[in-house]
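To be precise, the following lines are model-v7.pdb, and they hold PDB, C-alpha atoms.
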ATOM      1  CA  MET A   7      14.272  16.922   0.663
ATOM      2  CA  PRO A   8      11.330  18.347   2.616
ATOM      3  CA  ARG A   9      11.699  18.963   6.335
ATOM      4  CA  VAL A  10       8.634  19.176   8.563
ATOM      5  CA  VAL A  11       8.948  20.693  12.031
ATOM      6  CA  ARG A  12       6.102  21.107  14.479
ATOM      7  CA  SER A  13       6.221  21.882  18.175
ATOM      8  CA  THR A  14       3.772  22.641  20.930
ATOM      9  CA  VAL A  15       3.397  22.952  24.665
ATOM     10  CA  ILE A  16       1.211  20.345  26.362
ATOM     11  CA  ALA A  17      -0.395  21.114  29.734
ATOM     12  CA  ALA A  18       0.995  18.047  31.500
ATOM     13  CA  PRO A  19       4.234  17.144  33.280
ATOM     14  CA  VAL A  20       6.946  15.836  30.960
ATOM     15  CA  GLU A  21       6.985  12.454  32.751
ATOM     16  CA  THR A  22       3.275  11.978  32.045
ATOM     17  CA  LEU A  23       3.653  12.671  28.344
ATOM     18  CA  TRP A  24       6.840  10.606  28.058
ATOM     19  CA  ALA A  25       5.083   7.589  29.606
ATOM     20  CA  ILE A  26       2.577   7.734  26.733
ATOM     21  CA  LEU A  27       4.887   8.557  23.811
ATOM     22  CA  ARG A  28       7.764   6.187  24.689
ATOM     23  CA  ASP A  29       5.402   3.255  24.012
ATOM     24  CA  PHE A  30       6.235   2.818  20.331
ATOM     25  CA  ASN A  31       3.176   0.606  19.974
ATOM     26  CA  GLY A  32       0.747   2.847  21.879
ATOM     27  CA  HIS A  33      -0.155   5.403  19.213
ATOM     28  CA  ASP A  34      -3.377   3.544  18.424
ATOM     29  CA  GLN A  35      -4.550   4.560  21.910
ATOM     30  CA  TRP A  36      -4.360   8.285  21.209
ATOM     31  CA  HIS A  37      -3.758   9.177  17.529
ATOM     32  CA  PRO A  38      -7.015   9.444  15.552
ATOM     33  CA  ALA A  39      -5.461   8.199  12.307
ATOM     34  CA  VAL A  40      -4.279   4.886  13.812
ATOM     35  CA  ALA A  41      -6.861   2.108  14.157
ATOM     36  CA  GLU A  42      -4.635  -0.688  15.495
ATOM     37  CA  SER A  43      -0.966  -1.451  15.962
ATOM     38  CA  VAL A  44       1.229  -4.437  16.778
ATOM     39  CA  ILE A  45       4.956  -4.926  17.275
ATOM     40  CA  GLU A  46       6.188  -7.624  14.927
ATOM     41  CA  ARG A  47       7.765 -10.825  16.277
ATOM     42  CA  GLY A  48       6.505 -10.081  19.794
ATOM     43  CA  LEU A  49       9.417  -7.792  20.645
ATOM     44  CA  PRO A  50       9.085  -5.190  23.400
ATOM     45  CA  ALA A  51       7.798  -1.827  22.164
ATOM     46  CA  ASP A  52      10.823  -0.044  23.615
ATOM     47  CA  ARG A  53      13.493  -2.197  21.980
ATOM     48  CA  VAL A  54      15.509  -0.277  19.413
ATOM     49  CA  GLY A  55      15.056  -2.050  16.087
ATOM     50  CA  CYS A  56      11.514  -3.255  16.766
ATOM     51  CA  VAL A  57       9.005  -2.787  13.954
ATOM     52  CA  ARG A  58       5.444  -1.646  14.458
ATOM     53  CA  ARG A  59       2.882  -2.606  11.840
ATOM     54  CA  PHE A  60      -0.268  -0.577  12.028
ATOM     55  CA  ARG A  61      -3.477   0.021  10.174
ATOM     56  CA  LEU A  62      -4.858   3.486   9.647
ATOM     57  CA  ALA A  63      -8.527   4.374   9.993
ATOM     58  CA  ASP A  64      -8.783   4.343   6.164
ATOM     59  CA  GLY A  65      -7.569   0.705   6.070
ATOM     60  CA  SER A  66      -4.048   1.303   4.738
ATOM     61  CA  GLU A  67      -1.108  -0.368   6.477
ATOM     62  CA  LEU A  68       2.299   1.007   7.403
ATOM     63  CA  ARG A  69       5.448  -0.330   9.038
ATOM     64  CA  GLU A  70       7.933   1.740  11.035
ATOM     65  CA  ARG A  71      11.208   0.837  12.775
ATOM     66  CA  LEU A  72      12.283   2.340  16.102
ATOM     67  CA  LEU A  73      15.789   3.717  15.500
ATOM     68  CA  THR A  74      16.622   5.306  18.866
ATOM     69  CA  LEU A  75      15.001   5.622  22.274
ATOM     70  CA  SER A  76      16.464   7.595  25.166
ATOM     71  CA  ASP A  77      14.727   7.854  28.524
ATOM     72  CA  ALA A  78      17.440  10.257  29.695
ATOM     73  CA  ASP A  79      16.760  12.629  26.787
ATOM     74  CA  MET A  80      13.034  11.782  26.518
ATOM     75  CA  ALA A  81      13.508  11.348  22.786
ATOM     76  CA  PHE A  82      13.135   8.740  20.076
ATOM     77  CA  SER A  83      13.488   8.436  16.323
ATOM     78  CA  TYR A  84      11.901   6.135  13.793
ATOM     79  CA  CYS A  85      11.765   5.492  10.069
ATOM     80  CA  LEU A  86       9.116   4.347   7.629
ATOM     81  CA  LEU A  87       9.693   0.922   6.100
ATOM     82  CA  ASP A  88       6.461   0.392   4.171
ATOM     83  CA  THR A  89       3.754   2.921   3.384
ATOM     84  CA  PRO A  90       1.178   3.534   0.658
ATOM     85  CA  ILE A  91       2.052   7.245   0.880
ATOM     86  CA  PRO A  92       5.145   8.163  -1.184
ATOM     87  CA  LEU A  93       7.273   9.369   1.733
ATOM     88  CA  LEU A  94      10.678   8.015   0.786
ATOM     89  CA  ASN A  95      13.628   7.817   3.192
ATOM     90  CA  TYR A  96      11.341   9.183   5.931
ATOM     91  CA  VAL A  97      13.046   9.594   9.317
ATOM     92  CA  ALA A  98      11.322  11.335  12.236
ATOM     93  CA  HIS A  99      12.490  12.541  15.643
ATOM     94  CA  VAL A 100      10.405  13.229  18.735
ATOM     95  CA  ARG A 101      11.814  15.104  21.723
ATOM     96  CA  LEU A 102      10.206  16.265  24.948
ATOM     97  CA  ALA A 103      11.483  18.841  27.421
ATOM     98  CA  PRO A 104      10.043  20.219  30.643
ATOM     99  CA  VAL A 105       8.672  23.734  30.725
ATOM    100  CA  THR A 106       9.980  24.357  34.208
ATOM    101  CA  ASP A 107       8.011  27.434  35.198
ATOM    102  CA  SER A 108       4.634  25.840  34.517
ATOM    103  CA  ASP A 109       5.073  22.042  34.852
ATOM    104  CA  GLU A 110       4.124  21.643  31.197
ATOM    105  CA  THR A 111       5.880  19.843  28.345
ATOM    106  CA  PHE A 112       7.512  21.176  25.197
ATOM    107  CA  TRP A 113       7.044  18.619  22.377
ATOM    108  CA  HIS A 114       9.184  18.838  19.239
ATOM    109  CA  TRP A 115       8.379  16.511  16.295
ATOM    110  CA  GLU A 116      10.244  16.689  13.015
ATOM    111  CA  SER A 117      11.049  14.644   9.945
ATOM    112  CA  ARG A 118      12.863  14.677   6.633
ATOM    113  CA  PHE A 119      11.896  12.660   3.595
ATOM    114  CA  ASP A 120      11.983  12.514  -0.167
ATOM    115  CA  THR A 121       8.875  12.675  -2.348
ATOM    116  CA  PRO A 122       8.053  12.266  -6.000
ATOM    117  CA  LYS A 123       8.787  15.462  -7.909
ATOM    118  CA  GLY A 124       5.950  17.944  -7.631
ATOM    119  CA  ARG A 125       4.392  16.457  -4.470
ATOM    120  CA  GLU A 126       6.649  18.122  -1.898
ATOM    121  CA  ALA A 127       4.146  20.756  -0.710
ATOM    122  CA  GLU A 128       1.203  18.323  -0.588
ATOM    123  CA  LEU A 129       3.076  15.684   1.416
ATOM    124  CA  THR A 130       4.705  18.242   3.703
ATOM    125  CA  ARG A 131       1.225  19.540   4.604
ATOM    126  CA  LEU A 132      -0.084  16.003   5.102
ATOM    127  CA  VAL A 133       2.714  15.092   7.551
ATOM    128  CA  GLY A 134       2.672  18.417   9.375
ATOM    129  CA  ASP A 135      -1.074  18.778   9.693
ATOM    130  CA  GLN A 136      -2.668  15.320   9.619
ATOM    131  CA  ILE A 137       0.062  13.487  11.526
ATOM    132  CA  TYR A 138       1.865  15.972  13.779
ATOM    133  CA  SER A 139      -0.676  18.724  14.501
ATOM    134  CA  ASP A 140      -3.565  16.255  14.705
ATOM    135  CA  GLY A 141      -1.395  14.161  17.043
ATOM    136  CA  PHE A 142      -0.841  17.145  19.332
ATOM    137  CA  SER A 143      -4.588  17.763  19.507
ATOM    138  CA  ALA A 144      -5.294  14.097  20.089
ATOM    139  CA  ILE A 145      -2.837  13.898  22.995
ATOM    140  CA  ARG A 146      -4.532  16.873  24.620
ATOM    141  CA  SER A 147      -7.902  15.085  24.324
ATOM    142  CA  HIS A 148      -6.393  11.809  25.544
ATOM    143  CA  LEU A 149      -4.931  13.478  28.630
ATOM    144  CA  ALA A 150      -8.230  15.256  29.341
ATOM    145  CA  GLU A 151     -10.122  11.952  29.146
ATOM    146  CA  ARG A 152      -7.621  10.273  31.489
ATOM    147  CA  ALA A 153      -8.038  13.118  33.990
ATOM    148  CA  ARG A 154     -11.822  12.563  34.206
TER
END

Show how you would write the structure in this file as structure tokens.
Amino acid sequence: MPRVVRSTVIAAPVETLWAILRDFNGHDQWHPAVAESVIERGLPADRVGCVRRFRLADGSELRERLLTLSDADMAFSYCLLDTPIPLLNYVAHVRLAPVTDSDETFWHWESRFDTPKGREAELTRLVGDQIYSDGFSAIRSHLAERAR
């Protein structure tokens, strides 16, 4: 079972970043891979159990369920329900923490999943680089644009 772990420090207060990331339906506003997103059945985007259905820039569709959300811990977890990518039993966790000596944010993003035999390295790179690392870069750009 592959495990992907990425972390970074974002030059913004933790409350600023949490306000963006806690919106389970807001990733289409900042992640370059996500073209549009909607929460099914009109549920609030911060309700545990809600399902987001989104379309990627390449036209493929995915569905993910929000498993946990904690404002106190500035953390959430989610799982993949439907995806054209063979990431089986995928569960991810996002956690933020303040970097107290610089008013920045430490962002930890990790997941575990199963893959078809022989595709572990390929899919681990895809998740780590094209989802997590690209997401970190995109948030930096998003925050810079908001500051202008």

Using only C-alpha atoms, which residues sit within 8 Å of Val44 in chain A once same-chain residues fewer than 6 positions away are excluded, as a PDB file with C-alpha atoms, in the coordinates of the input?
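Dumped everything to around_26.pdb:
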ATOM      1  CA  ASN A  31       3.176   0.606  19.974  1.00  0.00           C
ATOM      2  CA  ARG A  58       5.444  -1.646  14.458  1.00  0.00           C
ATOM      3  CA  ARG A  59       2.882  -2.606  11.840  1.00  0.00           C
ATOM      4  CA  PHE A  60      -0.268  -0.577  12.028  1.00  0.00           C
TER       5      PHE A  60
END

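All residues of protein, DNA or RNA that reach within 7 Å of Leu94 in chain A, judged by only C-alpha atoms and not counting those fewer than 3 positions away in the chain, are Phe119, Asp120 and Thr121 of chain A.
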
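From CA of Met7 in chain A back to CA of Leu73 in chain A, the distance works out to 19.9 Å.
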
Taking the file as shown, find all residues satisfying the PyMOL selection byres ((chain A and resi 32) around 10) and write them as a PyMOL selection string.
-> chain A and resi 26-31+33-37+40+42-45+51+58

Non-local contacts of range 128-142 of chain A (10 Å; all atoms listed in the file; under 6 positions in same chain excluded) as a ChimeraX atom specification | /A:8-16,33,36-40,91-93,113-122,148

Atoms kept (C-alpha atoms) for selection, written as a tab-separated table (two decimals), in the frame of the given file:
chain	number	residue	atom	x	y	z
A	8	PRO	CA	11.33	18.35	2.62
A	9	ARG	CA	11.70	18.96	6.34
A	10	VAL	CA	8.63	19.18	8.56
A	11	VAL	CA	8.95	20.69	12.03
A	12	ARG	CA	6.10	21.11	14.48
A	13	SER	CA	6.22	21.88	18.18
A	14	THR	CA	3.77	22.64	20.93
A	15	VAL	CA	3.40	22.95	24.66
A	16	ILE	CA	1.21	20.34	26.36
A	33	HIS	CA	-0.16	5.40	19.21
A	36	TRP	CA	-4.36	8.28	21.21
A	37	HIS	CA	-3.76	9.18	17.53
A	38	PRO	CA	-7.02	9.44	15.55
A	39	ALA	CA	-5.46	8.20	12.31
A	40	VAL	CA	-4.28	4.89	13.81
A	91	ILE	CA	2.05	7.24	0.88
A	92	PRO	CA	5.14	8.16	-1.18
A	93	LEU	CA	7.27	9.37	1.73
A	113	TRP	CA	7.04	18.62	22.38
A	114	HIS	CA	9.18	18.84	19.24
A	115	TRP	CA	8.38	16.51	16.30
A	116	GLU	CA	10.24	16.69	13.02
A	117	SER	CA	11.05	14.64	9.94
A	118	ARG	CA	12.86	14.68	6.63
A	119	PHE	CA	11.90	12.66	3.60
A	120	ASP	CA	11.98	12.51	-0.17
A	121	THR	CA	8.88	12.68	-2.35
A	122	PRO	CA	8.05	12.27	-6.00
A	148	HIS	CA	-6.39	11.81	25.54

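Using all atoms listed in the file, the protein and nucleic acid residues lying no more than 9 Å from Glu70 in chain A, apart from those fewer than 4 places from it along its own chain, are Cys56, Val57, Arg58, Arg59, Phe60, Tyr84, Cys85, Leu86, Leu87, Asp88 and Thr89 of chain A.
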
Between CA of Arg152 in chain A and CA of Val20 in chain A - distance in Å to one decimal = 15.6 Å

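Minimum distance to Tyr96 in chain A across A:Ser108, A:Ser83, A:Thr22, A:Thr74 (counting only C-alpha atoms) occurs at A:Ser83.
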
Do you have the CA of Pro50 in chain A-CA of Leu72 in chain A distance handy?
-> 11.0 Å

Exercise: Arg61 in chain A partners within 6 Å, only C-alpha atoms, chain neighbours under 5 positions left out, as a CSV table (one decimal) with C-alpha atoms, keeping the file's coordinate frame:
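As written to disk, around.csv reads:
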chain,number,residue,atom,x,y,z
A,41,ALA,CA,-6.9,2.1,14.2
A,42,GLU,CA,-4.6,-0.7,15.5
A,66,SER,CA,-4.0,1.3,4.7
A,67,GLU,CA,-1.1,-0.4,6.5

Apply the PyMOL selection byres ((chain A and resi 110) around 9) to the file shown and report the selected residues as a VMD selection string.
-> chain A and resid 15 to 20 103 to 109 111 to 112

For Leu23 in chain A, which residue out of A:Ala78, A:Leu49, A:Leu102, A:Ala127 is the nearest one, using all atoms listed in the file?
-> A:Leu102

Box along x, y and z, 6 Å on every side, all listed atoms of range 115-133 of chain A inside: centre and edge lengths in Å to one decimal, as lines of an AutoDock Vina configuration file.
center_x = 6.4
center_y = 16.5
center_z = 4.2
size_x = 24.9
size_y = 20.5
size_z = 36.2

Can you list what the PyMOL selection byres ((chain A and resi 81) around 7) grabs from this structure, as a list in words?
-> Leu75, Ser76, Asp77, Asp79, Met80, Phe82, Val100, Arg101 and Leu102 of chain A

Same residues, C-alpha atoms, saved as a CSV table (one decimal), in the coordinates of the input:
chain,number,residue,atom,x,y,z
A,75,LEU,CA,15.0,5.6,22.3
A,76,SER,CA,16.5,7.6,25.2
A,77,ASP,CA,14.7,7.9,28.5
A,79,ASP,CA,16.8,12.6,26.8
A,80,MET,CA,13.0,11.8,26.5
A,82,PHE,CA,13.1,8.7,20.1
A,100,VAL,CA,10.4,13.2,18.7
A,101,ARG,CA,11.8,15.1,21.7
A,102,LEU,CA,10.2,16.3,24.9
